[in-house]
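So this one's final_6.pdb, PDB, C-alpha atoms:
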MODEL        1
ATOM      1  CA  MET A   1      11.406 250.782  50.882  1.00  0.00           C
ATOM      2  CA  GLU A   2       7.960 251.546  49.439  1.00  0.00           C
ATOM      3  CA  VAL A   3       7.893 248.161  47.679  1.00  0.00           C
ATOM      4  CA  LEU A   4       8.780 246.340  50.914  1.00  0.00           C
ATOM      5  CA  LEU A   5       6.072 248.195  52.850  1.00  0.00           C
ATOM      6  CA  GLN A   6       3.544 247.460  50.093  1.00  0.00           C
ATOM      7  CA  GLN A   7       4.368 243.748  50.201  1.00  0.00           C
ATOM      8  CA  ILE A   8       4.095 243.739  54.011  1.00  0.00           C
ATOM      9  CA  ILE A   9       0.629 245.296  53.765  1.00  0.00           C
ATOM     10  CA  ASN A  10      -0.421 242.822  51.057  1.00  0.00           C
ATOM     11  CA  GLY A  11       0.944 239.912  53.103  1.00  0.00           C
ATOM     12  CA  LEU A  12      -0.826 241.031  56.276  1.00  0.00           C
ATOM     13  CA  VAL A  13      -4.159 241.368  54.463  1.00  0.00           C
ATOM     14  CA  LEU A  14      -3.873 237.975  52.752  1.00  0.00           C
ATOM     15  CA  GLY A  15      -2.530 236.336  55.918  1.00  0.00           C
ATOM     16  CA  SER A  16      -5.452 237.737  57.910  1.00  0.00           C
ATOM     17  CA  MET A  17      -7.915 236.033  55.568  1.00  0.00           C
ATOM     18  CA  TYR A  18      -5.990 232.750  55.799  1.00  0.00           C
ATOM     19  CA  ALA A  19      -5.892 233.062  59.603  1.00  0.00           C
ATOM     20  CA  LEU A  20      -9.667 233.442  59.793  1.00  0.00           C
ATOM     21  CA  LEU A  21     -10.093 230.377  57.575  1.00  0.00           C
ATOM     22  CA  ALA A  22      -7.620 228.376  59.681  1.00  0.00           C
ATOM     23  CA  LEU A  23      -9.436 229.202  62.929  1.00  0.00           C
ATOM     24  CA  GLY A  24     -12.403 227.058  61.913  1.00  0.00           C
ATOM     25  CA  TYR A  25     -10.209 224.106  61.003  1.00  0.00           C
ATOM     26  CA  THR A  26      -8.236 224.429  64.231  1.00  0.00           C
ATOM     27  CA  MET A  27     -11.234 224.646  66.562  1.00  0.00           C
ATOM     28  CA  VAL A  28     -12.984 221.627  65.041  1.00  0.00           C
ATOM     29  CA  TYR A  29      -9.812 219.532  64.888  1.00  0.00           C
ATOM     30  CA  GLY A  30      -8.869 220.517  68.436  1.00  0.00           C
ATOM     31  CA  ILE A  31     -12.159 219.367  69.914  1.00  0.00           C
ATOM     32  CA  ILE A  32     -13.027 216.205  67.923  1.00  0.00           C
ATOM     33  CA  ASN A  33      -9.757 215.423  66.082  1.00  0.00           C
ATOM     34  CA  LEU A  34     -11.477 215.601  62.699  1.00  0.00           C
ATOM     35  CA  ILE A  35     -10.306 217.587  59.709  1.00  0.00           C
ATOM     36  CA  ASN A  36     -13.525 219.179  58.501  1.00  0.00           C
ATOM     37  CA  PHE A  37     -13.010 219.114  54.742  1.00  0.00           C
ATOM     38  CA  ALA A  38     -16.370 220.866  54.289  1.00  0.00           C
ATOM     39  CA  HIS A  39     -15.178 223.985  56.141  1.00  0.00           C
ATOM     40  CA  GLY A  40     -14.042 225.749  52.967  1.00  0.00           C
ATOM     41  CA  GLU A  41     -17.348 224.980  51.291  1.00  0.00           C
ATOM     42  CA  VAL A  42     -19.269 226.404  54.262  1.00  0.00           C
ATOM     43  CA  LEU A  43     -17.296 229.633  53.833  1.00  0.00           C
ATOM     44  CA  MET A  44     -18.061 229.520  50.098  1.00  0.00           C
ATOM     45  CA  VAL A  45     -21.791 229.241  50.835  1.00  0.00           C
ATOM     46  CA  GLY A  46     -21.462 232.179  53.241  1.00  0.00           C
ATOM     47  CA  ALA A  47     -19.705 234.273  50.609  1.00  0.00           C
ATOM     48  CA  LEU A  48     -22.319 233.421  47.979  1.00  0.00           C
ATOM     49  CA  THR A  49     -25.119 234.202  50.444  1.00  0.00           C
ATOM     50  CA  SER A  50     -23.504 237.557  51.157  1.00  0.00           C
ATOM     51  CA  TRP A  51     -23.182 238.184  47.395  1.00  0.00           C
ATOM     52  CA  SER A  52     -26.865 237.294  46.823  1.00  0.00           C
ATOM     53  CA  VAL A  53     -28.062 239.646  49.577  1.00  0.00           C
ATOM     54  CA  THR A  54     -25.768 242.424  48.340  1.00  0.00           C
ATOM     55  CA  VAL A  55     -26.993 242.088  44.745  1.00  0.00           C
ATOM     56  CA  TRP A  56     -30.575 242.076  46.008  1.00  0.00           C
ATOM     57  CA  LEU A  57     -29.978 245.251  48.058  1.00  0.00           C
ATOM     58  CA  HIS A  58     -27.728 247.000  45.535  1.00  0.00           C
ATOM     59  CA  GLY A  59     -30.508 249.025  43.925  1.00  0.00           C
ATOM     60  CA  SER A  60     -31.829 250.221  47.280  1.00  0.00           C
ATOM     61  CA  ALA A  61     -31.151 253.596  48.870  1.00  0.00           C
ATOM     62  CA  LEU A  62     -29.225 252.018  51.762  1.00  0.00           C
ATOM     63  CA  PRO A  63     -25.616 253.142  52.206  1.00  0.00           C
ATOM     64  CA  GLY A  64     -22.917 250.645  51.196  1.00  0.00           C
ATOM     65  CA  TRP A  65     -21.793 249.951  54.761  1.00  0.00           C
ATOM     66  CA  VAL A  66     -25.383 249.114  55.803  1.00  0.00           C
ATOM     67  CA  GLN A  67     -25.698 246.722  52.864  1.00  0.00           C
ATOM     68  CA  LEU A  68     -22.380 245.173  53.924  1.00  0.00           C
ATOM     69  CA  LEU A  69     -23.572 244.654  57.509  1.00  0.00           C
ATOM     70  CA  ILE A  70     -26.893 243.142  56.378  1.00  0.00           C
ATOM     71  CA  SER A  71     -25.170 240.759  53.962  1.00  0.00           C
ATOM     72  CA  LEU A  72     -22.627 239.849  56.654  1.00  0.00           C
ATOM     73  CA  ALA A  73     -25.396 239.045  59.159  1.00  0.00           C
ATOM     74  CA  ALA A  74     -27.163 236.870  56.570  1.00  0.00           C
ATOM     75  CA  ALA A  75     -23.929 235.030  55.741  1.00  0.00           C
ATOM     76  CA  ILE A  76     -23.174 234.410  59.430  1.00  0.00           C
ATOM     77  CA  ALA A  77     -26.696 233.053  60.053  1.00  0.00           C
ATOM     78  CA  VAL A  78     -26.489 230.704  57.053  1.00  0.00           C
ATOM     79  CA  CYS A  79     -22.978 229.479  57.966  1.00  0.00           C
ATOM     80  CA  VAL A  80     -23.926 228.831  61.605  1.00  0.00           C
ATOM     81  CA  ALA A  81     -27.075 226.907  60.614  1.00  0.00           C
ATOM     82  CA  LEU A  82     -25.206 224.938  57.950  1.00  0.00           C
ATOM     83  CA  ASN A  83     -22.301 224.036  60.255  1.00  0.00           C
ATOM     84  CA  VAL A  84     -24.625 222.898  63.055  1.00  0.00           C
ATOM     85  CA  ALA A  85     -26.676 220.831  60.572  1.00  0.00           C
ATOM     86  CA  ILE A  86     -23.528 219.207  59.162  1.00  0.00           C
ATOM     87  CA  GLU A  87     -22.302 218.306  62.641  1.00  0.00           C
ATOM     88  CA  ARG A  88     -25.635 216.847  63.736  1.00  0.00           C
ATOM     89  CA  LEU A  89     -26.499 214.972  60.541  1.00  0.00           C
ATOM     90  CA  ALA A  90     -23.111 213.869  59.213  1.00  0.00           C
ATOM     91  CA  TYR A  91     -20.518 213.820  62.004  1.00  0.00           C
ATOM     92  CA  ARG A  92     -22.386 213.110  65.257  1.00  0.00           C
ATOM     93  CA  PRO A  93     -23.712 209.659  64.179  1.00  0.00           C
ATOM     94  CA  LEU A  94     -20.097 208.672  63.391  1.00  0.00           C
ATOM     95  CA  ARG A  95     -18.574 209.964  66.622  1.00  0.00           C
ATOM     96  CA  ASN A  96     -17.523 206.482  67.797  1.00  0.00           C
ATOM     97  CA  ALA A  97     -16.942 204.990  64.345  1.00  0.00           C
ATOM     98  CA  PRO A  98     -13.468 204.095  63.025  1.00  0.00           C
ATOM     99  CA  ARG A  99     -11.411 207.179  62.111  1.00  0.00           C
ATOM    100  CA  LEU A 100     -11.771 206.649  58.364  1.00  0.00           C
ATOM    101  CA  ALA A 101     -15.598 206.893  58.323  1.00  0.00           C
ATOM    102  CA  PRO A 102     -15.874 210.548  59.494  1.00  0.00           C
ATOM    103  CA  LEU A 103     -13.008 211.494  57.164  1.00  0.00           C
ATOM    104  CA  ILE A 104     -14.782 210.057  54.117  1.00  0.00           C
ATOM    105  CA  THR A 105     -18.043 211.645  55.292  1.00  0.00           C
ATOM    106  CA  ALA A 106     -16.322 215.046  55.504  1.00  0.00           C
ATOM    107  CA  MET A 107     -15.139 214.673  51.897  1.00  0.00           C
ATOM    108  CA  GLY A 108     -18.655 213.666  50.859  1.00  0.00           C
ATOM    109  CA  VAL A 109     -20.196 216.702  52.574  1.00  0.00           C
ATOM    110  CA  SER A 110     -17.622 218.891  50.814  1.00  0.00           C
ATOM    111  CA  LEU A 111     -18.576 217.498  47.396  1.00  0.00           C
ATOM    112  CA  LEU A 112     -22.290 217.776  48.226  1.00  0.00           C
ATOM    113  CA  LEU A 113     -21.973 221.466  49.136  1.00  0.00           C
ATOM    114  CA  GLN A 114     -19.939 222.192  45.987  1.00  0.00           C
ATOM    115  CA  THR A 115     -22.588 220.547  43.812  1.00  0.00           C
ATOM    116  CA  LEU A 116     -25.489 222.275  45.565  1.00  0.00           C
ATOM    117  CA  ALA A 117     -23.734 225.643  45.230  1.00  0.00           C
ATOM    118  CA  MET A 118     -23.280 225.071  41.488  1.00  0.00           C
ATOM    119  CA  ILE A 119     -26.981 224.226  41.174  1.00  0.00           C
ATOM    120  CA  VAL A 120     -28.173 227.228  43.205  1.00  0.00           C
ATOM    121  CA  TRP A 121     -25.675 229.905  42.079  1.00  0.00           C
ATOM    122  CA  LYS A 122     -24.508 228.444  38.722  1.00  0.00           C
ATOM    123  CA  PRO A 123     -20.810 227.711  38.066  1.00  0.00           C
ATOM    124  CA  ASP A 124     -19.729 231.097  36.751  1.00  0.00           C
ATOM    125  CA  TYR A 125     -17.741 234.002  38.166  1.00  0.00           C
ATOM    126  CA  LYS A 126     -19.461 236.435  40.496  1.00  0.00           C
ATOM    127  CA  SER A 127     -18.167 239.948  41.040  1.00  0.00           C
ATOM    128  CA  PHE A 128     -18.931 241.437  44.434  1.00  0.00           C
ATOM    129  CA  PRO A 129     -20.317 244.999  44.168  1.00  0.00           C
ATOM    130  CA  THR A 130     -18.096 247.713  45.644  1.00  0.00           C
ATOM    131  CA  LEU A 131     -19.808 248.814  48.851  1.00  0.00           C
ATOM    132  CA  LEU A 132     -17.064 250.857  50.529  1.00  0.00           C
ATOM    133  CA  PRO A 133     -15.085 253.814  49.173  1.00  0.00           C
ATOM    134  CA  ASP A 134     -12.197 252.502  47.071  1.00  0.00           C
ATOM    135  CA  ASP A 135     -10.028 255.615  47.252  1.00  0.00           C
ATOM    136  CA  PRO A 136      -6.339 254.750  47.760  1.00  0.00           C
ATOM    137  CA  ILE A 137      -4.830 255.645  51.127  1.00  0.00           C
ATOM    138  CA  ASP A 138      -1.131 256.537  51.100  1.00  0.00           C
ATOM    139  CA  LEU A 139       1.046 255.011  53.853  1.00  0.00           C
ATOM    140  CA  ALA A 140       4.679 256.185  53.519  1.00  0.00           C
ATOM    141  CA  GLY A 141       4.715 255.463  49.796  1.00  0.00           C
ATOM    142  CA  ALA A 142       2.633 252.274  49.915  1.00  0.00           C
ATOM    143  CA  THR A 143      -1.053 252.297  49.079  1.00  0.00           C
ATOM    144  CA  THR A 144      -3.966 250.586  50.765  1.00  0.00           C
ATOM    145  CA  ASN A 145      -7.712 251.146  50.892  1.00  0.00           C
ATOM    146  CA  LEU A 146     -10.561 251.017  53.365  1.00  0.00           C
ATOM    147  CA  THR A 147     -11.407 247.404  52.505  1.00  0.00           C
ATOM    148  CA  GLN A 148      -7.898 246.173  53.335  1.00  0.00           C
ATOM    149  CA  ILE A 149      -7.850 248.136  56.594  1.00  0.00           C
ATOM    150  CA  LEU A 150     -11.261 246.669  57.486  1.00  0.00           C
ATOM    151  CA  ILE A 151      -9.965 243.138  56.781  1.00  0.00           C
ATOM    152  CA  LEU A 152      -7.026 243.689  59.169  1.00  0.00           C
ATOM    153  CA  VAL A 153      -9.242 245.171  61.886  1.00  0.00           C
ATOM    154  CA  ALA A 154     -11.877 242.431  61.530  1.00  0.00           C
ATOM    155  CA  ALA A 155      -9.254 239.671  61.665  1.00  0.00           C
ATOM    156  CA  ALA A 156      -7.610 241.156  64.752  1.00  0.00           C
ATOM    157  CA  ALA A 157     -11.003 241.599  66.445  1.00  0.00           C
ATOM    158  CA  ALA A 158     -12.058 238.024  65.598  1.00  0.00           C
ATOM    159  CA  LEU A 159      -8.772 236.598  66.918  1.00  0.00           C
ATOM    160  CA  ALA A 160      -9.069 238.611  70.146  1.00  0.00           C
ATOM    161  CA  ALA A 161     -12.726 237.596  70.586  1.00  0.00           C
ATOM    162  CA  LEU A 162     -11.872 233.939  70.050  1.00  0.00           C
ATOM    163  CA  MET A 163      -9.009 234.090  72.553  1.00  0.00           C
ATOM    164  CA  ALA A 164     -11.369 235.680  75.091  1.00  0.00           C
ATOM    165  CA  LEU A 165     -14.037 233.054  74.362  1.00  0.00           C
ATOM    166  CA  VAL A 166     -11.664 230.107  74.803  1.00  0.00           C
ATOM    167  CA  HIS A 167      -9.792 231.401  77.849  1.00  0.00           C
ATOM    168  CA  LEU A 168     -12.270 233.581  79.759  1.00  0.00           C
ATOM    169  CA  THR A 169     -15.733 232.056  79.349  1.00  0.00           C
ATOM    170  CA  ARG A 170     -17.564 229.025  80.683  1.00  0.00           C
ATOM    171  CA  LEU A 171     -18.059 227.739  77.126  1.00  0.00           C
ATOM    172  CA  GLY A 172     -14.318 228.057  76.517  1.00  0.00           C
ATOM    173  CA  ARG A 173     -13.542 225.989  79.606  1.00  0.00           C
ATOM    174  CA  ALA A 174     -16.065 223.388  78.432  1.00  0.00           C
ATOM    175  CA  MET A 175     -14.416 223.343  74.989  1.00  0.00           C
ATOM    176  CA  ARG A 176     -10.969 222.819  76.494  1.00  0.00           C
ATOM    177  CA  ALA A 177     -12.239 220.088  78.803  1.00  0.00           C
ATOM    178  CA  THR A 178     -14.048 218.300  75.956  1.00  0.00           C
ATOM    179  CA  ALA A 179     -10.961 218.513  73.764  1.00  0.00           C
ATOM    180  CA  GLU A 180      -8.829 217.042  76.580  1.00  0.00           C
ATOM    181  CA  ASN A 181     -11.120 214.118  77.429  1.00  0.00           C
ATOM    182  CA  PRO A 182     -14.839 214.016  76.487  1.00  0.00           C
ATOM    183  CA  ARG A 183     -15.680 211.190  78.911  1.00  0.00           C
ATOM    184  CA  VAL A 184     -14.144 212.896  81.917  1.00  0.00           C
ATOM    185  CA  ALA A 185     -15.745 216.191  80.862  1.00  0.00           C
ATOM    186  CA  GLN A 186     -19.120 214.434  80.820  1.00  0.00           C
ATOM    187  CA  LEU A 187     -18.508 213.165  84.355  1.00  0.00           C
ATOM    188  CA  MET A 188     -17.859 216.780  85.381  1.00  0.00           C
ATOM    189  CA  GLY A 189     -21.332 217.800  84.126  1.00  0.00           C
ATOM    190  CA  ILE A 190     -20.358 219.001  80.635  1.00  0.00           C
ATOM    191  CA  GLN A 191     -22.453 217.833  77.694  1.00  0.00           C
ATOM    192  CA  PRO A 192     -19.895 217.063  74.947  1.00  0.00           C
ATOM    193  CA  ASP A 193     -22.484 216.946  72.135  1.00  0.00           C
ATOM    194  CA  ARG A 194     -23.732 220.426  72.978  1.00  0.00           C
ATOM    195  CA  VAL A 195     -20.194 221.790  73.286  1.00  0.00           C
ATOM    196  CA  ILE A 196     -19.197 220.285  69.931  1.00  0.00           C
ATOM    197  CA  SER A 197     -22.285 221.785  68.245  1.00  0.00           C
ATOM    198  CA  GLN A 198     -21.457 225.181  69.737  1.00  0.00           C
ATOM    199  CA  THR A 199     -17.871 224.829  68.502  1.00  0.00           C
ATOM    200  CA  PHE A 200     -19.110 224.118  64.974  1.00  0.00           C
ATOM    201  CA  ALA A 201     -21.429 227.131  65.236  1.00  0.00           C
TER     202      ALA A 201
ENDMDL
END

Before anything else, please render the file you have as structure tokens.
Amino acid sequence: MEVLLQQIINGLVLGSMYALLALGYTMVYGIINLINFAHGEVLMVGALTSWSVTVWLHGSALPGWVQLLISLAAAIAVCVALNVAIERLAYRPLRNAPRLAPLITAMGVSLLLQTLAMIVWKPDYKSFPTLLPDDPIDLAGATTNLTQILILVAAAAALAALMALVHLTRLGRAMRATAENPRVAQLMGIQPDRVISQTFA
């Protein structure tokens, strides 16, 4: 029974990370019907930004959780700026082009970000410093730690926030209208370009 519970915990933690990754793909595809192949690379840049900030702060007297929050804020800012720039520079000019052109552009942006990341951060392994207590927590024979619990809580909070955004806010209504029919949404006073940029952000 302990082994089953341990595997359930491991699966929930890993599945939560995959779910957060899939949310970005789903939102972009739902609104402009484009598979954003650069999405994984944007997350990679965010992770490397977070690592850089954490390494820079690691010698400071700040507690680990403060360092984590600062590095998270930096990663979010970089990812938002990068996603908006990609949408405006690479995808928006091809909005009315044949379907193959944005697809090839997405692959090109993906390769560009991979190459730039290798130039900036060098192609070697990076180990993220331990910022939170790593003491094992016993759950009916299975073990977990604070990091895994935080991953589950953050994923659940992000999913709930996204559901609230899409279903309860004006931006969410604009997203759904743009995804349904951008031309009709524009006639209703919605600016599809702005909504798409906000979706990428």

Skip region 2-6 of chain A itself and residues of its chain fewer than 2 positions away, then list as number ranges by chain all residues within 10 Å of it, counting all atoms listed in the file. A: 8-12, 139-144

As number ranges by chain, please: the residues near region 154-170 of chain A (cut-off 12 Å, all atoms listed in the file, same-chain neighbours under 4 positions excluded). A: 12-24, 26-27, 30-31, 146-150, 174-177, 179, 190, 195, 198-199

For the structure shown, which residues end up in the PyMOL selection byres ((chain A and resi 54-63) around 12)? Put them as a PyMOL selection string, please? chain A and resi 47-53+64-75+126-133

Atom pair CA of Val42 (chain A) + CA of Cys79 (chain A), distance 6.1 Å

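Going from CA of Arg99 (chain A) over to CA of Val184 (chain A), you cover 20.8 Å.
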
For Pro98 (chain A), which residue among A:Phe200, A:Ala77, A:Leu34, A:Arg173 is the nearest when counting all atoms listed in the file?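 The shortest atom-to-atom distance to Pro98 (chain A) comes from A:Leu34.
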
Would you compute the distance between CA of Arg95 (chain A) and CA of Glu41 (chain A)? Give it in Å to one decimal. 21.5 Å

From the list A:Gln191, A:Asn96, A:Gln186, A:Asn83, the nearest residue to Ser110 (chain A) using all atoms listed in the file is A:Asn83

Got a sec to resolve the PyMOL selection byres ((chain A and resi 105) around 12) on this structure and send the residues as a ChimeraX atom specification? /A:34-38,86-87,89-95,97-104,106-112

Selected residue, from A:Leu187, A:Ile151, A:Ala85, A:Val78, that lies nearest to Leu43 (chain A) when counting all atoms listed in the file: A:Val78

So that all listed atoms of region 40-48 of chain A fit with 3 Å spare on each side, what axis-aligned box centre and edge lengths in Å, to one decimal, would you give as JSON?
{"center_x": -18.2, "center_y": 229.6, "center_z": 51.1, "size_x": 14.3, "size_y": 15.3, "size_z": 12.3}

Residue completion, region 24-46 of chain A, N, CA, C and O atoms, as a PDB file, keeping the file's coordinate frame:
ATOM      1  N   GLY A  24     -11.335 228.062  61.947  1.00  0.00           N
ATOM      2  CA  GLY A  24     -12.403 227.058  61.913  1.00  0.00           C
ATOM      3  C   GLY A  24     -11.850 225.650  61.893  1.00  0.00           C
ATOM      4  O   GLY A  24     -12.311 224.768  62.630  1.00  0.00           O
ATOM      5  N   TYR A  25     -10.844 225.430  61.047  1.00  0.00           N
ATOM      6  CA  TYR A  25     -10.209 224.106  61.003  1.00  0.00           C
ATOM      7  C   TYR A  25      -9.626 223.737  62.366  1.00  0.00           C
ATOM      8  O   TYR A  25      -9.780 222.625  62.852  1.00  0.00           O
ATOM      9  N   THR A  26      -8.933 224.688  62.971  1.00  0.00           N
ATOM     10  CA  THR A  26      -8.236 224.429  64.231  1.00  0.00           C
ATOM     11  C   THR A  26      -9.202 224.110  65.358  1.00  0.00           C
ATOM     12  O   THR A  26      -8.976 223.180  66.135  1.00  0.00           O
ATOM     13  N   MET A  27     -10.290 224.873  65.462  1.00  0.00           N
ATOM     14  CA  MET A  27     -11.234 224.646  66.562  1.00  0.00           C
ATOM     15  C   MET A  27     -11.898 223.281  66.446  1.00  0.00           C
ATOM     16  O   MET A  27     -12.014 222.549  67.427  1.00  0.00           O
ATOM     17  N   VAL A  28     -12.323 222.923  65.224  1.00  0.00           N
ATOM     18  CA  VAL A  28     -12.984 221.627  65.041  1.00  0.00           C
ATOM     19  C   VAL A  28     -11.993 220.491  65.272  1.00  0.00           C
ATOM     20  O   VAL A  28     -12.295 219.519  65.973  1.00  0.00           O
ATOM     21  N   TYR A  29     -10.795 220.602  64.710  1.00  0.00           N
ATOM     22  CA  TYR A  29      -9.812 219.532  64.888  1.00  0.00           C
ATOM     23  C   TYR A  29      -9.412 219.411  66.359  1.00  0.00           C
ATOM     24  O   TYR A  29      -9.240 218.305  66.872  1.00  0.00           O
ATOM     25  N   GLY A  30      -9.282 220.548  67.033  1.00  0.00           N
ATOM     26  CA  GLY A  30      -8.869 220.517  68.436  1.00  0.00           C
ATOM     27  C   GLY A  30      -9.868 219.837  69.339  1.00  0.00           C
ATOM     28  O   GLY A  30      -9.497 219.222  70.333  1.00  0.00           O
ATOM     29  N   ILE A  31     -11.147 219.905  68.991  1.00  0.00           N
ATOM     30  CA  ILE A  31     -12.159 219.367  69.914  1.00  0.00           C
ATOM     31  C   ILE A  31     -12.590 217.948  69.556  1.00  0.00           C
ATOM     32  O   ILE A  31     -12.905 217.154  70.439  1.00  0.00           O
ATOM     33  N   ILE A  32     -12.603 217.577  68.271  1.00  0.00           N
ATOM     34  CA  ILE A  32     -13.027 216.205  67.923  1.00  0.00           C
ATOM     35  C   ILE A  32     -12.003 215.473  67.061  1.00  0.00           C
ATOM     36  O   ILE A  32     -12.285 214.379  66.577  1.00  0.00           O
ATOM     37  N   ASN A  33     -10.823 216.059  66.863  1.00  0.00           N
ATOM     38  CA  ASN A  33      -9.757 215.423  66.082  1.00  0.00           C
ATOM     39  C   ASN A  33     -10.225 214.987  64.692  1.00  0.00           C
ATOM     40  O   ASN A  33      -9.925 213.892  64.229  1.00  0.00           O
ATOM     41  N   LEU A  34     -10.991 215.866  64.050  1.00  0.00           N
ATOM     42  CA  LEU A  34     -11.477 215.601  62.699  1.00  0.00           C
ATOM     43  C   LEU A  34     -11.142 216.788  61.821  1.00  0.00           C
ATOM     44  O   LEU A  34     -11.429 217.932  62.186  1.00  0.00           O
ATOM     45  N   ILE A  35     -10.528 216.521  60.679  1.00  0.00           N
ATOM     46  CA  ILE A  35     -10.306 217.587  59.709  1.00  0.00           C
ATOM     47  C   ILE A  35     -11.606 217.773  58.938  1.00  0.00           C
ATOM     48  O   ILE A  35     -12.031 216.888  58.206  1.00  0.00           O
ATOM     49  N   ASN A  36     -12.237 218.902  59.127  1.00  0.00           N
ATOM     50  CA  ASN A  36     -13.525 219.179  58.501  1.00  0.00           C
ATOM     51  C   ASN A  36     -13.290 219.680  57.076  1.00  0.00           C
ATOM     52  O   ASN A  36     -13.141 220.874  56.838  1.00  0.00           O
ATOM     53  N   PHE A  37     -13.266 218.746  56.126  1.00  0.00           N
ATOM     54  CA  PHE A  37     -13.010 219.114  54.742  1.00  0.00           C
ATOM     55  C   PHE A  37     -14.107 219.996  54.159  1.00  0.00           C
ATOM     56  O   PHE A  37     -13.906 220.628  53.132  1.00  0.00           O
ATOM     57  N   ALA A  38     -15.269 220.039  54.791  1.00  0.00           N
ATOM     58  CA  ALA A  38     -16.370 220.866  54.289  1.00  0.00           C
ATOM     59  C   ALA A  38     -16.274 222.310  54.760  1.00  0.00           C
ATOM     60  O   ALA A  38     -17.101 223.135  54.379  1.00  0.00           O
ATOM     61  N   HIS A  39     -15.267 222.635  55.573  1.00  0.00           N
ATOM     62  CA  HIS A  39     -15.178 223.985  56.141  1.00  0.00           C
ATOM     63  C   HIS A  39     -15.040 225.054  55.040  1.00  0.00           C
ATOM     64  O   HIS A  39     -15.691 226.093  55.093  1.00  0.00           O
ATOM     65  N   GLY A  40     -14.207 224.797  54.070  1.00  0.00           N
ATOM     66  CA  GLY A  40     -14.042 225.749  52.967  1.00  0.00           C
ATOM     67  C   GLY A  40     -15.330 225.948  52.188  1.00  0.00           C
ATOM     68  O   GLY A  40     -15.650 227.068  51.763  1.00  0.00           O
ATOM     69  N   GLU A  41     -16.086 224.876  52.021  1.00  0.00           N
ATOM     70  CA  GLU A  41     -17.348 224.980  51.291  1.00  0.00           C
ATOM     71  C   GLU A  41     -18.400 225.750  52.099  1.00  0.00           C
ATOM     72  O   GLU A  41     -19.218 226.457  51.532  1.00  0.00           O
ATOM     73  N   VAL A  42     -18.359 225.615  53.418  1.00  0.00           N
ATOM     74  CA  VAL A  42     -19.269 226.404  54.262  1.00  0.00           C
ATOM     75  C   VAL A  42     -18.963 227.894  54.089  1.00  0.00           C
ATOM     76  O   VAL A  42     -19.866 228.716  53.948  1.00  0.00           O
ATOM     77  N   LEU A  43     -17.674 228.234  54.064  1.00  0.00           N
ATOM     78  CA  LEU A  43     -17.296 229.633  53.833  1.00  0.00           C
ATOM     79  C   LEU A  43     -17.713 230.091  52.439  1.00  0.00           C
ATOM     80  O   LEU A  43     -18.123 231.238  52.249  1.00  0.00           O
ATOM     81  N   MET A  44     -17.617 229.193  51.449  1.00  0.00           N
ATOM     82  CA  MET A  44     -18.061 229.520  50.098  1.00  0.00           C
ATOM     83  C   MET A  44     -19.555 229.829  50.075  1.00  0.00           C
ATOM     84  O   MET A  44     -19.991 230.818  49.471  1.00  0.00           O
ATOM     85  N   VAL A  45     -20.344 229.008  50.769  1.00  0.00           N
ATOM     86  CA  VAL A  45     -21.791 229.241  50.835  1.00  0.00           C
ATOM     87  C   VAL A  45     -22.069 230.574  51.521  1.00  0.00           C
ATOM     88  O   VAL A  45     -22.947 231.338  51.104  1.00  0.00           O
ATOM     89  N   GLY A  46     -21.302 230.888  52.577  1.00  0.00           N
ATOM     90  CA  GLY A  46     -21.462 232.179  53.241  1.00  0.00           C
ATOM     91  C   GLY A  46     -21.155 233.339  52.324  1.00  0.00           C
ATOM     92  O   GLY A  46     -21.883 234.339  52.290  1.00  0.00           O
TER      93      GLY A  46
END
